Amino acid sequence: MRVSVSWLREYVDLPADLPTGDLEQALVDLGIEVESVVDLRESVTGPLVVGEVLEIEELTGFKKPIRFCRVDVGAANGTGEPQEIVCGARNFAVGDKVVVILPGGVLPGGFAIGARKTYGRNSHGMICSAQELGLGDDHSGIVVLPEDVKAQPGDDARPVVGLDDVVVEMEITPDRGYALSVRGIARELSHALGVPFRDPADAPAPGATAEPAYPVEVRDPVGCDRFAARMVRGVDPTVETPGWMRQRLTVAGVRSISLAVDITNYLMLELGQPMHAFDADRIAGTLVVRRAEAGEKLTTLDGVNRTLSAEDLVICDDSGPISLAAVMGGETSEVLASTTNVLFEAAHWDPATVGRTARRHKLFSEAAKRWERGVDPALPLVALEKAVRLLTDLAGGTAGEEVLDIDHVVPRTPVTLPVDLPSRRVGVTYSPDRVVELLEQVGCTVTRGADRLAEDPGTVATAGVSTGAGAGEVLTVTPPSWRPDLTDPADLVEEVVRLDGYDRVPSVLPTAPPGRGLTWQQQRRRAVARSLAERGYVEVLAQPFVAPELVDQLGLPADDPRRPAVRLANPLSEEEPLLRTTLLGPLLGIVKRNVGRGQRDVAIYEIGTVFHPRPGAGAPPAMGVDRRPTDEEFAAADAVVPAQPRHVAVALTGEIEPAGWWGAGRTAGWADAVEAGRAVLDAAGIPADRVTVRAGERAPWHPGRCAELVVDDVVVGHAGELHPAVLAALELPRRTSAMELDLDALPAAPLAAGPAISTFPPALIDVALVVDDAVPAAEVRAALVEGAGALLEDVRLFDVYTSEQLGEGRKSLAYKLTFRAPDRTLAGEEAVAARDAAVAVAAERFGATLRGA
């Protein structure tokens with residue numbers, strides 16, 4: 001929101017000598033974020049004057065049209081002779097008055113102006129556009145002053161174009177839609193500075209008449225609870241927007257279009273009421289306000305042909321939709337240069353519906369920004385009266401006596417507020433009279449009621465605030481129509497604190513409870529993250545939102561529990577409206593993005609939550625903010641929200657060990673993904689004897705290269721190489737591998753006992769066993785451990801070998817066995833006997849034979 005201080009002064013008595021710093025601080029104290037306060041008097045230095053174009057010579061032979069102009073700048077150049085200036089704009093003609101900055105001047109951004117030779121001519125200065133002067137974003141042409149400007153060539157152009165003013169730019173939070181207007185900001189400044197405020201909406205306006213201004217039918221009184229309209233006939237279409245109005249629109253960043261349209265934009269900025277102007281002669285039949293039919297088409301004013309949703313609100317005539325209600329009008333009924341009969345519309349629309357429509361069509365108009373934040377439903381008739389008077393005063397015509405006003409607005413619901421609640425919640429003593437005074441400043445109607453027993457007596461003296469006079473009194477507060485954000489006692493408490501001053505609230509940190517460190521779950525997550533990072537994986541934080549087609553790209557079968565997903569009611573992107581049920585989708589998207597940008601070797605991980613819906617869970621209980629919910633309410637709400645287990649996942653592609661002068665590198669494969677799973681379980685404190693890795697099948701992994709990670713006979717994750725169809729669908733490199741594991745499914749780590757360390761030397765024996773290719777190496781290892789007995793200290797697979805000599809479908813698994821006794825040096829016979837016992841169990845269970853035997 002950008003607004004000039006001179007406009008604000010029309011409705012609030014700001015001190016004449018108010019420094020810009022004090023103005024900014026007043027707004028900040030009210031909780032309004034100030035982007036900038038620009039004193040336009042200091043933005044352009046040097047000679048900036050009014051000029052009159054005397055001659056224009058069109059220069060040819062260049063890539064773009066260039067004009068050589070002679071401009072009368074009076075005596076401003078010291079000679080009185082016309083100034084020669086080269087200009088590329090084409091929106092002016094001989095006789096027009098323009099804004100000229102002469103050599104020695106400096107434009108915003110430190111752009112110094114001098115005399116120079118360009119396009120074969122000498123140019124002494126510049127004819128300026130609004131963007132170059134810092135007045136707006138329009139750079140399509142230079143500023144042409146209206147004919148009614150009385151300034152003469154050579155006069156200072158600053159007061160003519162508004163560079164003698166101060167412009168404030170603010171970022172308005174979503175809950176303060178009223179501040180997106182001069183009316184709202186002026187009211188706020190009156191609170192902050194204690195100066196009088198004159199409400200521009202406090203003006204007489206005729207009410208509805210028996211005969212409507214135009215026949216209208218509202219079929220959706222929930223989406224549109226008020227619709228008002230008035231007609232002006234016989235307007236002079238040649239009248240241009242006056243300079244003062246165009247200047248204010250430019251400062252606010254709104255482009256001037258035509259008088260009727262500019263009036264609607266001007267009043268939107270002044271009052272906060274978006275309006276629309278129809279060409280009455282281009283409307284056929286009764287106007288109907290309704291929901292669109294799915295698939296209906298509408299070409300909006302920006303020239304885009306839009307396909308409508310059944311949730312969109314539209315205004316229709318006999319030809320179909322002519323306006324995307326509250327967002328943007330349609331081309332078929334827009335005001336043209338020949339329009340003589342104008343129908344002004346001012347309505348009140350449902351904020352949620354408008355917000356969803358704007359996001360669905362990616363059409364964030366100035367009107368939609370205001371509607372989704374809330375607009376005063378009492379404004380339509382006042383706005384119409386002002387629009388009609390402005391148009392008839394400036395362009396003639398006759399205002400129709402008929403007034404349409406279809407009003408279904410529901411009166412505001414009063415809010416009950418314990419008068420001592422602000423004191424109890426904030427820690428600052430507010431007397432009952434002060435609370436009432438501040439709420440009435442906001443515009444609330446306050447009725448003081450009878451005493452009541454204090455609620456939540458255990459918190460009455462919070463932060464040293466004692467109960468005093470009025471501690472049991474209850475206020476009945478009816479918020480004003482322009483504050484739709486005030487709906488419960490907490491909102492009113494915030495207003496009391498805001499207007500009284502945030503600086504009065506003490507900054508007191510709560511005392512940290514002693515003896516509490518990280519929970520074991522937090523410690524586990526940190527250990528897992530540290531373990532993966534030490535192995536070369538880079539942590540990423542992916543957005544939890546996914547597209548509906550992802551389940552098909554990952555190849556999830558119809559009965560897969562990861563297929564149903566939670567759909568967001570108000571997603572950031574309509575293309576990704578679902579919450580993820582697996583970490584792999586967003587994680588693989590990051591792999592694709594990195595590979596596409598030339599990063600061929602990728603190894604990343606994420607620890608985050610996934611979301612599983614609970615069908616038939618019902619609706620959560622209504623919980624207010626006036627007290628802490630009970631344990632039963634918490635449990636009921638928790639039973640409705642989606643299940644959110646925490647997972648860890650890795651994805652890797654390319655070389656995991658780079659090549660160099662030391663030799664060839666090694667490409668990442670399914671075994672690295674399996675090893676990442678083992679590393680996670682080890683970091684989580686799960687003993688190796690409770691972990692089993694076995695062959696499995698689960699989308700999106702390759703069925704022949706997928707491993708199940710099992711803890712105590714419970715499958716907690718999967719790892720391996722991704723299916724070729726998945727790689728093709730997601731456009732990922734061949735052999736891309738991944739692992740995903742449910743951290744919440746892991747049992748708590750047992751208390752680790754200190755290892756017994758033997759001082760006696762180990763006996764090292766290697767065995768190579770030939771087994772069927774389908775036998776998992778982990779199961780062979782388990783058989784060796786079982787057969788070797790207590791003397792076995794460690795067993796490690798160090799080689800997998802296949803050849804024609806072994807036979808088709810056979811493989812050799814080579815293990816390194818470490819034997820050690822805690823109390824003696826093992827004899828060779830003891831180690832060999834233990835080795836033979838281990839091999840015997842493997843032979844009995846899997847038909848294993850010693851290679852070479």
# chains A, B, ... in the order shown; residues from 1 in each chain; ligands from 1
$ select_by_dssp --residues "range 654-718 of chain A" --states "alpha helix (DSSP H)" --output "PyMOL selection string"
chain A and resi 670-683
$ residues_around --residues "Asn341 in chain A" --least-positions-apart "4" --cutoff "8 Å" --atoms "only C-alpha atoms" --output "list in words"
Met231, Val232, Arg233, Gly234, Val235, Asp279, Ala280 and Asp281 of chain A
$ atom_distance --atom1 "CA of Val839 in chain A" --atom2 "CA of Ala756 in chain A"
26.1 Å
$ atom_distance --atom1 "CA of Thr487 in chain A" --atom2 "CA of Asp405 in chain A"
26.3 Å
$ closest_residue --among "A:Pro174, A:Pro479, A:Gly754, A:Pro544" --to "Glu33 in chain A" --atoms "only C-alpha atoms"
A:Pro174
